[in-house]
Each structure stands twice: as structure tokens, then as C-alpha cells.
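Note sheet for the following structure.
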Amino acid sequence: MNVSRRAPYVCSACLRSLAKRRSGGGGGWGGGRAQARVLSTASSVAPPRERPFRLAVIGSGPAGFYSAYRAMQKMPESVVDMYEQLPVPYGLVRFGVAPDHPDAKNCQDKFEEVADSPRFNFIGNIAVGSALPLTALRPHYDAILFAYGASKDKALGIPGESLSGVLSARAFVGWYNGLPEYASLDPALAAGEDAVIIGQGNVALDVARILLTDLAVLRKTDITETALEALSKSRVRRVQVVGRRGPMQAAFTIKEVRELMNLPSVAFSPIDPALFPADAAKLPRQQRRITQVLQKGSSTLSSEALKSWALRFLLSPSAFRASSPASTQLSSVDFAHTAFAPDSSPFDRSATVTAADPARTTSLPAALAFRSVGYKSAPLPGLADLGVPFDGALGTIPNDGYGRVLSASLGPGGALTAGHVPGCYCAGWVKRGPTGVIASTMEDAFASADVVAADWGAGVPFLNGTAAHPKRLAEGTGLGWEAVKAEAERRRLRRVSWAEWKVIDQWEIEEGRRRGKEREKVRSVEGMLRILDGGGSRGGEGL
């Protein structure tokens, strides 16, 4: 299969030579580029240099792309190499956004603009840390920005969590969105009519909506055919979404809860009025709007509904139960009742709960249970080799809040202080934890890229002792991927370029069109590579 290739990055020495031959004169970096689109640099801060600032971004989700965009905007002489362990980009946008929320994926248009720049290189199918050591990158970059997101979900740590039918929401979402890691997941959707979701964030409501939405609606989205086939056999009719606190503390947003309320032929069980304030008009705007939607409920009567859902509050999971000691199939979930702490208002967003007194328990029937209590980042292998610490309890890289990686070993005042690890930065969930939406991730990524640019302009130490002084060559090579690829090839790693990703992208679009939907995602890395090798058959079998 012929692949049209964007011109690769050419080192500054070659560019200067080309520029002289073409124009008969000198010229700074980029002089040999022919009519390349240039990102706005009106507010750039980087000083002139004899070679471009070279930045490695680890991760190609929203945090990675927005960081790259901002860095390229702020530093006109920068070149960004983006490393991604999968052959395909976009991370959470591709594998986490619900298939019936296509508008949330519009940010991909901006990411395409970034990738079209000659100052950007996509290095897909390269797992930095595990397959390619971080130490292989260090000599060839001025800075590394970690933006690889949260790859794990939090376990509950209660009895019965390994029973068949107990799933993480992250795995289920990844499965129906085509994440290769969960291609072999086989959720027991036909095991029974009751499902329980533990947690009340937007991911929990996404799971509930997928379980309850009419299949004809989902067929028009980019949900995988494998998921559609399994959902067509689903027996789930009742979904209960359970939280430890009350409706005023729930993490879901109004859009998600309104969508569930408006599902045709799906009824909603009313919430105890005592959980709402007597005068909802006095609540802050966001809480007031959510309260109004919850109190109004669904227009579908229970007697007319084919399916139903409920929000249950003040319940903390204590055990998953099988029908008998000999069974491995989930049949119910036990919950301990909670109560608001004496010093907390039930209508305060930050209210806390304690165990109810006297102790009470409730058991909810469930053939399926999903834990949706948050994601968690994991450390990349080899972080310590760069002097980068990792907070296992928080699931984050310690930083100053702006994105500079901090290490206690570099603090000026001993163990009670911390110092910046030169040239190391972070953005997104690995920086602040798994909170917020794409818009907040953008703001966070911009802040991280801004401090990279500010530090470079201020001449502070970077990787390999480099600093931003005019006409000073870096002590590192500054060659980026052009130097790293030799080590990748030695390890028999196959890099997937942006042009090659676009081949996969076009295959998915065409396959989706053939099936009457937006796209049909390839669900395995092997299938993606077969498409690039010309072996991707239509019909998607085995892909």
C-alpha cells in the first residue's frame, strides 16, 4: 500500500546548507522549509538558537497534544517528538469518550493541525519505558514532558471482587471503544437483568447509558461491532448507580444525567426528597440545575418502560456475593449505609460521610457490577533513571502545580524541600490526578508548556545541562528521534508515523461507511500493522 509521507524533520546544519544553496544566503532554522504553515508565535518567549529546542512528549492524548501545540506556539524554534505506545493517537479521546458523544471528539481537528506542522513528529507503536528505555531519549532532547494519562483503575479491595461479572468501568469503556488492551473482554451481559455501578461520576453514567440505550442508536456511532453484537444479547433491564454520599456531592455533570433522563422507554426511580434542600433556588447554579433535573425525573412512566435506572445514595460497597459458595458468578452486592458527618451539611458540595449508626446493610441484586471509583496513573519503567519520582499513593508525578517535576533529593533544604528535576515536566492526569474534562486538560497542558517556554527563556538548566543562551550549542545532541531511532531499530521496534496512522484512519472510516456507521475501529495492534502491510481485509475479521 502506497503511503504518502510528510517531509521529516531535517537537522539544522542540513537546513542551513539547503537554505544557502537555494537562496544564496544564510538563514536560521527553518530556512529550507517550503511554504510550511507556521503556528502563531506572537507571544513566544524563546531566544534565537543555533538549533531548535527539542521536546519529547510522552503520550498522545489531549494533554500531550495541547502541550505540544502550546510549546510550538511559544517557542518558534522548537521541534516536538510525540511518543505513543499504540500505533494510533488521541488516547482518551479515542478510547474514553462515549461513542454517542461525537462532539467531544472535535478537539481532534486541532490535533490534526499540530500534526501537520513540519516541526512535529509522531512516533507511534513505541512503548517508552518498557520497550524503549527513557535513558535512550535523554541524550537527544532538551526536555521530556510526561503526559501519558491514567492507565489503571482503582480497585475497591472488598471480598468477591474477582467474581465473574465484576468489571472495572475503565475496562468496559475500553472494550466498547476498541482499546486493544481490552479486546478480549467478555462482559456477561446476558447473565441477568440487574446491573450495579459503583461510583457516580460521568464514566459511571456513560456505562449506564450504553447499557440502556436502544441498539439502533448505538449502531450509528463508532462503537465496535463486537460490542454491538454483545449488547444485542444483553438481558440487562435495570441499572442502579450507587454513591457513598448524596446527590449534592455526586460528580456527574448535568449533560450526562439529562441524557439518561431523556432515553426513550427508560424510567427513572424518584429520589428521596429529604436528600434535597427545601429551597433549591438558593443553591449554586450548577447544583441548582442538576437538582432540577433529578427532581423532575424521566417522562417515561415505570408502567410503560422497557428498562429503568436509579441513583442510590449513602451506600458504601462492602462485598460482592455469589449465589452459593460453589458459584463464581456474581448475584448481588452488599452495601453498608453511610450518614453525613455531624459537622457536614448534606447540601454542601464537600460534605463528608461516616458509617451509619446503628450499622445497617443493604443487598442489591446484580448479575453485573462495575466499579467506577476513579482512574490511576502508573509509573513508567525507568523514571528513577532520570531522577523522576512517582507518588504511588496519588498516582501522580510530584510537581510544583505548574508542571515542573520535583524531587526531594534536589531540594535546597534537605528532606523537607524539593527541587526541579532539570528538563522534566508533566501535564494532564499524571500531573494532577484523574479529574476534569478535556477543556480543563487543555488549560492544564497550556500551563505546563508555558513553564517549559519560560524556563527555556530564563536560561535555567535542562536535560544534559543545556540552557537557553543565544548561540550556545546544547551539550546533548538535540537530534531527537533522528538519533533515538537507531536504538529503536536495534531493539526491533516498528515506528508508526503520522502518515501511516492516516492510512489506518482511512481504513476505519471506509469500513465504517461499509457498515453504515461513522467508523469501525481496529481492535488490535496486529490488525493495525497488517493494514499498513496491505493485509487488512474488508469485514474487519480478526482486526
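Lettering and numbering for the C-alpha cells are positional, with chains as A, B, ... in the shown order, residues counted from 1 in each chain, and ligands counted from 1 in the shown order.
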Counting only C-alpha atoms, what are the residues of segment 360-461 of chain A within 6 Å of segment 155-178 of chain A, and for each of them which pair of atoms is the nearest and at what distance in Å, to one decimal? Sort the table by chain and rising number, as CSV.
residue,atom,partner,partner_atom,distance
A:Leu368,CA,A:Gly165,CA,4.7
A:Ala369,CA,A:Val166,CA,4.8
A:Phe370,CA,A:Leu167,CA,4.9
A:Arg371,CA,A:Ser168,CA,4.9
A:Ser372,CA,A:Ala169,CA,5.2
Only N, CA, C and O atoms, please: the residues just picked out, written as a PDB file, in the first residue's frame.
ATOM      1  N   LEU A 368     -24.270  -8.180  37.018  1.00  0.00           N
ATOM      2  CA  LEU A 368     -23.121  -7.400  36.579  1.00  0.00           C
ATOM      3  C   LEU A 368     -22.877  -6.272  37.562  1.00  0.00           C
ATOM      4  O   LEU A 368     -23.835  -5.649  38.042  1.00  0.00           O
ATOM      5  N   ALA A 369     -21.615  -6.021  37.870  1.00  0.00           N
ATOM      6  CA  ALA A 369     -21.265  -4.873  38.716  1.00  0.00           C
ATOM      7  C   ALA A 369     -20.026  -4.208  38.135  1.00  0.00           C
ATOM      8  O   ALA A 369     -19.076  -4.890  37.727  1.00  0.00           O
ATOM      9  N   PHE A 370     -20.061  -2.897  38.085  1.00  0.00           N
ATOM     10  CA  PHE A 370     -18.941  -2.121  37.548  1.00  0.00           C
ATOM     11  C   PHE A 370     -18.411  -1.207  38.642  1.00  0.00           C
ATOM     12  O   PHE A 370     -19.180  -0.452  39.240  1.00  0.00           O
ATOM     13  N   ARG A 371     -17.129  -1.275  38.896  1.00  0.00           N
ATOM     14  CA  ARG A 371     -16.537  -0.299  39.816  1.00  0.00           C
ATOM     15  C   ARG A 371     -16.077   0.885  38.992  1.00  0.00           C
ATOM     16  O   ARG A 371     -15.346   0.750  38.003  1.00  0.00           O
ATOM     17  N   SER A 372     -16.510   2.068  39.384  1.00  0.00           N
ATOM     18  CA  SER A 372     -16.182   3.297  38.665  1.00  0.00           C
ATOM     19  C   SER A 372     -15.812   4.361  39.683  1.00  0.00           C
ATOM     20  O   SER A 372     -16.489   5.373  39.839  1.00  0.00           O
TER      21      SER A 372
END
As a list in words, please: the residues near segment 497-508 of chain A (cut-off 8 Å, only C-alpha atoms, same-chain neighbours under 4 positions excluded). Val3, Ser4, Arg5, Arg6, Pro87, Val88, Pro89, Ala115, Asn121, Phe122, Ile123, Gly124, Gly512, Arg519, Glu520, Lys521, Val522, Met528, Ile531 and Leu532 of chain A
Selected residue of minimal separation from Leu205 of chain A among A:Arg235, A:Arg495, A:Lys296, A:Arg258, counting only C-alpha atoms: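 Nearest candidate to Leu205 of chain A out of A:Arg235, A:Arg495, A:Lys296, A:Arg258: A:Arg258.
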Name the closest residue to Glu77 of chain A among the candidates A:Phe347, A:Trp456, A:Trp481, A:Phe340; distances are taken between atoms, counting only C-alpha atoms. A:Trp456
Just the residues within 12 Å of Ser323 of chain A, please, counting only C-alpha atoms, with nothing from its chain fewer than 4 positions along; format it as a PyMOL selection string. chain A and resi 160+163-164+327-333+365-367
Emit the selected residues as a short mmCIF file (atom, residue, chain, number, x, y, z; two decimals), in the first residue's frame, including all heavy atoms.
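Result file follows (out36.cif):
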data_model
loop_
_atom_site.label_atom_id
_atom_site.label_comp_id
_atom_site.auth_asym_id
_atom_site.auth_seq_id
_atom_site.Cartn_x
_atom_site.Cartn_y
_atom_site.Cartn_z
N GLY A 160 -14.90 -10.71 47.15
CA GLY A 160 -15.67 -11.08 45.97
C GLY A 160 -15.36 -10.27 44.73
O GLY A 160 -16.01 -10.44 43.70
N LEU A 163 -15.02 -12.14 41.37
CA LEU A 163 -16.12 -12.94 40.83
C LEU A 163 -16.39 -12.58 39.37
O LEU A 163 -16.20 -11.44 38.94
CB LEU A 163 -17.40 -12.71 41.65
CG LEU A 163 -17.49 -13.34 43.04
CD1 LEU A 163 -18.75 -12.86 43.75
CD2 LEU A 163 -17.46 -14.86 42.95
N SER A 164 -16.85 -13.57 38.62
CA SER A 164 -17.28 -13.31 37.25
C SER A 164 -18.47 -12.37 37.27
O SER A 164 -19.42 -12.57 38.02
CB SER A 164 -17.67 -14.63 36.57
OG SER A 164 -18.16 -14.40 35.27
N SER A 327 -20.39 -21.22 43.62
CA SER A 327 -20.53 -20.44 42.39
C SER A 327 -19.46 -19.36 42.29
O SER A 327 -18.99 -18.83 43.30
CB SER A 327 -21.91 -19.79 42.34
OG SER A 327 -22.03 -18.94 41.22
N THR A 328 -19.06 -19.06 41.07
CA THR A 328 -18.12 -17.96 40.83
C THR A 328 -18.80 -16.79 40.11
O THR A 328 -18.12 -15.83 39.72
CB THR A 328 -16.94 -18.44 39.97
OG1 THR A 328 -17.43 -18.95 38.73
CG2 THR A 328 -16.15 -19.53 40.69
N GLN A 329 -20.13 -16.86 39.94
CA GLN A 329 -20.87 -15.82 39.24
C GLN A 329 -21.51 -14.85 40.24
O GLN A 329 -22.17 -15.27 41.19
CB GLN A 329 -21.96 -16.43 38.36
CG GLN A 329 -22.90 -15.44 37.69
CD GLN A 329 -22.19 -14.45 36.78
OE1 GLN A 329 -21.36 -14.86 35.97
NE2 GLN A 329 -22.52 -13.17 36.89
N LEU A 330 -21.33 -13.58 40.01
CA LEU A 330 -21.92 -12.56 40.87
C LEU A 330 -23.44 -12.66 40.88
O LEU A 330 -24.07 -12.89 39.84
CB LEU A 330 -21.52 -11.19 40.35
CG LEU A 330 -22.10 -9.97 41.07
CD1 LEU A 330 -21.47 -9.81 42.45
CD2 LEU A 330 -21.90 -8.70 40.24
N SER A 331 -24.03 -12.48 42.05
CA SER A 331 -25.50 -12.45 42.14
C SER A 331 -26.01 -11.24 42.90
O SER A 331 -27.18 -10.86 42.74
CB SER A 331 -26.02 -13.73 42.81
OG SER A 331 -25.62 -13.80 44.17
N SER A 332 -25.17 -10.62 43.75
CA SER A 332 -25.61 -9.44 44.49
C SER A 332 -24.41 -8.66 45.01
O SER A 332 -23.28 -9.18 45.05
CB SER A 332 -26.52 -9.83 45.66
OG SER A 332 -25.80 -10.62 46.60
N VAL A 333 -24.67 -7.40 45.44
CA VAL A 333 -23.62 -6.57 46.03
C VAL A 333 -24.13 -6.06 47.37
O VAL A 333 -25.25 -5.53 47.46
CB VAL A 333 -23.27 -5.37 45.12
CG1 VAL A 333 -22.10 -4.59 45.72
CG2 VAL A 333 -22.94 -5.83 43.71
N PRO A 365 -29.50 -6.80 44.10
CA PRO A 365 -29.28 -7.88 43.12
C PRO A 365 -28.44 -7.37 41.95
O PRO A 365 -28.59 -6.24 41.50
CB PRO A 365 -30.70 -8.24 42.68
CG PRO A 365 -31.51 -7.01 42.94
CD PRO A 365 -30.92 -6.38 44.15
N ALA A 366 -27.55 -8.22 41.46
CA ALA A 366 -26.68 -7.80 40.36
C ALA A 366 -26.04 -9.01 39.70
O ALA A 366 -25.33 -9.79 40.35
CB ALA A 366 -25.59 -6.86 40.85
N ALA A 367 -26.28 -9.17 38.41
CA ALA A 367 -25.54 -10.15 37.62
C ALA A 367 -24.27 -9.52 37.06
O ALA A 367 -23.32 -10.21 36.69
CB ALA A 367 -26.40 -10.68 36.49
#
Considering only C-alpha atoms, return as number ranges by chain whatever protein or nucleic-acid residues lie within 9 Å of Val236 of chain A, sequence-local ones (same chain, fewer than 6 positions apart) excluded. A: 189-195, 211-212, 307, 367-368
Output the selection as an mmCIF file, in the first residue's frame - N, CA and C atoms for each residue.
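Output below, filename again-v8.cif:
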data_model
loop_
_atom_site.group_PDB
_atom_site.id
_atom_site.type_symbol
_atom_site.label_atom_id
_atom_site.label_comp_id
_atom_site.auth_asym_id
_atom_site.auth_seq_id
_atom_site.Cartn_x
_atom_site.Cartn_y
_atom_site.Cartn_z
ATOM 1 N N LEU A 189 -23.096 -9.848 29.677
ATOM 2 C CA LEU A 189 -24.295 -9.024 29.517
ATOM 3 C C LEU A 189 -25.578 -9.852 29.494
ATOM 4 N N ALA A 190 -25.449 -11.131 29.231
ATOM 5 C CA ALA A 190 -26.630 -11.991 29.183
ATOM 6 C C ALA A 190 -26.839 -12.778 30.480
ATOM 7 N N ALA A 191 -26.069 -12.444 31.520
ATOM 8 C CA ALA A 191 -26.134 -13.216 32.760
ATOM 9 C C ALA A 191 -27.366 -12.905 33.606
ATOM 10 N N GLY A 192 -27.958 -11.718 33.441
ATOM 11 C CA GLY A 192 -29.108 -11.370 34.259
ATOM 12 C C GLY A 192 -29.647 -9.993 33.912
ATOM 13 N N GLU A 193 -30.710 -9.603 34.616
ATOM 14 C CA GLU A 193 -31.398 -8.350 34.286
ATOM 15 C C GLU A 193 -30.952 -7.161 35.116
ATOM 16 N N ASP A 194 -30.141 -7.400 36.155
ATOM 17 C CA ASP A 194 -29.757 -6.325 37.068
ATOM 18 C C ASP A 194 -28.271 -6.023 36.984
ATOM 19 N N ALA A 195 -27.963 -4.728 36.905
ATOM 20 C CA ALA A 195 -26.570 -4.267 36.927
ATOM 21 C C ALA A 195 -26.427 -3.168 37.966
ATOM 22 N N LEU A 211 -25.607 0.697 28.518
ATOM 23 C CA LEU A 211 -26.411 -0.482 28.862
ATOM 24 C C LEU A 211 -27.892 -0.282 28.549
ATOM 25 N N LEU A 212 -28.364 0.970 28.576
ATOM 26 C CA LEU A 212 -29.794 1.237 28.460
ATOM 27 C C LEU A 212 -30.224 1.790 27.105
ATOM 28 N N LYS A 307 -37.028 -0.469 30.267
ATOM 29 C CA LYS A 307 -35.870 -0.542 31.154
ATOM 30 C C LYS A 307 -35.986 0.563 32.199
ATOM 31 N N ALA A 367 -26.280 -9.166 38.411
ATOM 32 C CA ALA A 367 -25.538 -10.150 37.624
ATOM 33 C C ALA A 367 -24.272 -9.517 37.065
ATOM 34 N N LEU A 368 -24.270 -8.180 37.018
ATOM 35 C CA LEU A 368 -23.121 -7.400 36.579
ATOM 36 C C LEU A 368 -22.877 -6.272 37.562
#
Could you list, as a list in words, every residue within 10 Å of Arg209 of chain A, counting only C-alpha atoms and ignoring same-chain residues fewer than 3 positions away? Ala98, Asp100, Val203, Ala204, Leu205, Asp206, Leu212, Thr213, Asp214, Val239, Glu256, Val257, Glu259, Leu260, Met261, Leu263 and Trp309 of chain A
Which residues, written as a PyMOL selection string, have at least one atom at most 12 Å from segment 242-244 of chain A, with only C-alpha atoms counted and residues fewer than 6 positions away on the same chain left out? chain A and resi 195-201+204-205+208+250-252+309-318+333-340+351-356+362-364+369-373
Each residue of segment 387-412 of chain A lying at most 12 Å from segment 423-427 of chain A should get a row with its shortest atom-to-atom pair and the distance in Å to one decimal, counting only C-alpha atoms; could you produce that, ordered by chain and increasing number, as JSON lines?
{"residue": "A:Gly387", "atom": "CA", "partner": "A:Cys424", "partner_atom": "CA", "distance": 9.2}
{"residue": "A:Val388", "atom": "CA", "partner": "A:Cys424", "partner_atom": "CA", "distance": 7.7}
{"residue": "A:Pro389", "atom": "CA", "partner": "A:Cys424", "partner_atom": "CA", "distance": 10.8}
{"residue": "A:Phe390", "atom": "CA", "partner": "A:Cys426", "partner_atom": "CA", "distance": 11.5}
{"residue": "A:Thr396", "atom": "CA", "partner": "A:Cys426", "partner_atom": "CA", "distance": 9.3}
{"residue": "A:Ile397", "atom": "CA", "partner": "A:Cys426", "partner_atom": "CA", "distance": 7.3}
{"residue": "A:Pro398", "atom": "CA", "partner": "A:Cys426", "partner_atom": "CA", "distance": 9.0}
{"residue": "A:Asn399", "atom": "CA", "partner": "A:Cys426", "partner_atom": "CA", "distance": 7.6}
{"residue": "A:Asp400", "atom": "CA", "partner": "A:Tyr425", "partner_atom": "CA", "distance": 9.8}
{"residue": "A:Gly401", "atom": "CA", "partner": "A:Ala427", "partner_atom": "CA", "distance": 9.6}
{"residue": "A:Tyr402", "atom": "CA", "partner": "A:Ala427", "partner_atom": "CA", "distance": 8.5}
{"residue": "A:Gly403", "atom": "CA", "partner": "A:Cys426", "partner_atom": "CA", "distance": 5.0}
{"residue": "A:Arg404", "atom": "CA", "partner": "A:Tyr425", "partner_atom": "CA", "distance": 4.7}
{"residue": "A:Val405", "atom": "CA", "partner": "A:Tyr425", "partner_atom": "CA", "distance": 5.1}
{"residue": "A:Leu406", "atom": "CA", "partner": "A:Cys424", "partner_atom": "CA", "distance": 8.7}
{"residue": "A:Ser407", "atom": "CA", "partner": "A:Cys424", "partner_atom": "CA", "distance": 10.6}
Could you pull out the strand (DSSP E or B) residues of segment 334-405 of chain A, going by DSSP on the backbone, and write them as a PyMOL selection string? chain A and resi 334-340+353-355+361-365+368-371+375-376+391+396+399+404-405
The selected residues should be written to file as a compact mmCIF listing (two decimals), in the first residue's frame (atoms: C-alpha atoms).
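Listing of again16.txt after writing:
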# COMPACT_ATOMS: atom_id res chain seq x y z
CA ASP A 334 -23.67 -5.75 49.74
CA PHE A 335 -23.57 -2.13 50.88
CA ALA A 336 -23.11 -0.54 54.29
CA HIS A 337 -25.26 2.53 54.92
CA THR A 338 -23.48 5.82 55.49
CA ALA A 339 -24.62 9.08 57.07
CA PHE A 340 -23.43 12.65 56.80
CA VAL A 353 -19.89 10.80 55.46
CA THR A 354 -19.30 8.22 58.16
CA ALA A 355 -20.70 4.78 58.87
CA THR A 361 -26.61 -3.05 55.36
CA THR A 362 -28.44 -3.38 52.05
CA SER A 363 -28.01 -6.01 49.36
CA LEU A 364 -28.74 -5.14 45.72
CA PRO A 365 -29.28 -7.88 43.12
CA LEU A 368 -23.12 -7.40 36.58
CA ALA A 369 -21.26 -4.87 38.72
CA PHE A 370 -18.94 -2.12 37.55
CA ARG A 371 -16.54 -0.30 39.82
CA TYR A 375 -8.54 6.02 37.32
CA LYS A 376 -4.92 6.00 38.39
CA ASP A 391 3.83 9.12 44.09
CA THR A 396 1.00 11.26 40.02
CA ASN A 399 5.34 18.59 40.58
CA ARG A 404 7.83 21.18 36.75
CA VAL A 405 8.77 17.74 38.08
Residues near Glu518 of chain A, cut-off 9 Å, only C-alpha atoms, skip fewer than 3 positions along chain, as a compact mmCIF listing (two decimals) with C-alpha atoms, in the first residue's frame:
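And here's around.txt as it stands now:
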# COMPACT_ATOMS: atom_id res chain seq x y z
CA LYS A 220 -24.78 4.82 14.07
CA THR A 221 -21.80 5.56 16.31
CA ASP A 222 -18.21 4.31 16.26
CA GLU A 508 -11.52 2.57 9.64
CA ILE A 509 -13.63 5.28 8.01
CA GLU A 510 -14.16 3.22 4.87
CA GLU A 511 -15.02 0.12 6.88
CA GLY A 512 -17.45 2.14 8.96
CA ARG A 513 -19.07 3.53 5.82
CA ARG A 515 -21.32 -0.86 7.75
Would you please extract all alpha helix (DSSP H) residues from segment 179-368 of chain A, as assigned by DSSP on the backbone, and give them as a ChimeraX atom specification? /A:202-212,215-218,225-232,254-261,285-296
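If only C-alpha atoms are the atoms counted, then among A:Ala488, A:Leu283, A:Ala131, A:Leu386 the closest residue to Met248 of chain A is A:Leu283.
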Which residue is closest to Phe65 of chain A? Choose from A:Ala449, A:Leu215, A:Ala127, A:Ile223 and count only C-alpha atoms.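 With only C-alpha atoms as the atom set, the closest residue is A:Ala449.
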Interatomic distance (Å, one decimal) between atom CA of Gly392 of chain A and atom CA of Asp81 of chain A: 27.3 Å
Under the rule that only C-alpha atoms are counted, which of A:Ala418, A:Ala267, A:Leu55, A:Ala227 is the nearest residue to Leu306 of chain A?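 Closest to Leu306 of chain A, using only C-alpha atoms: A:Ala267.
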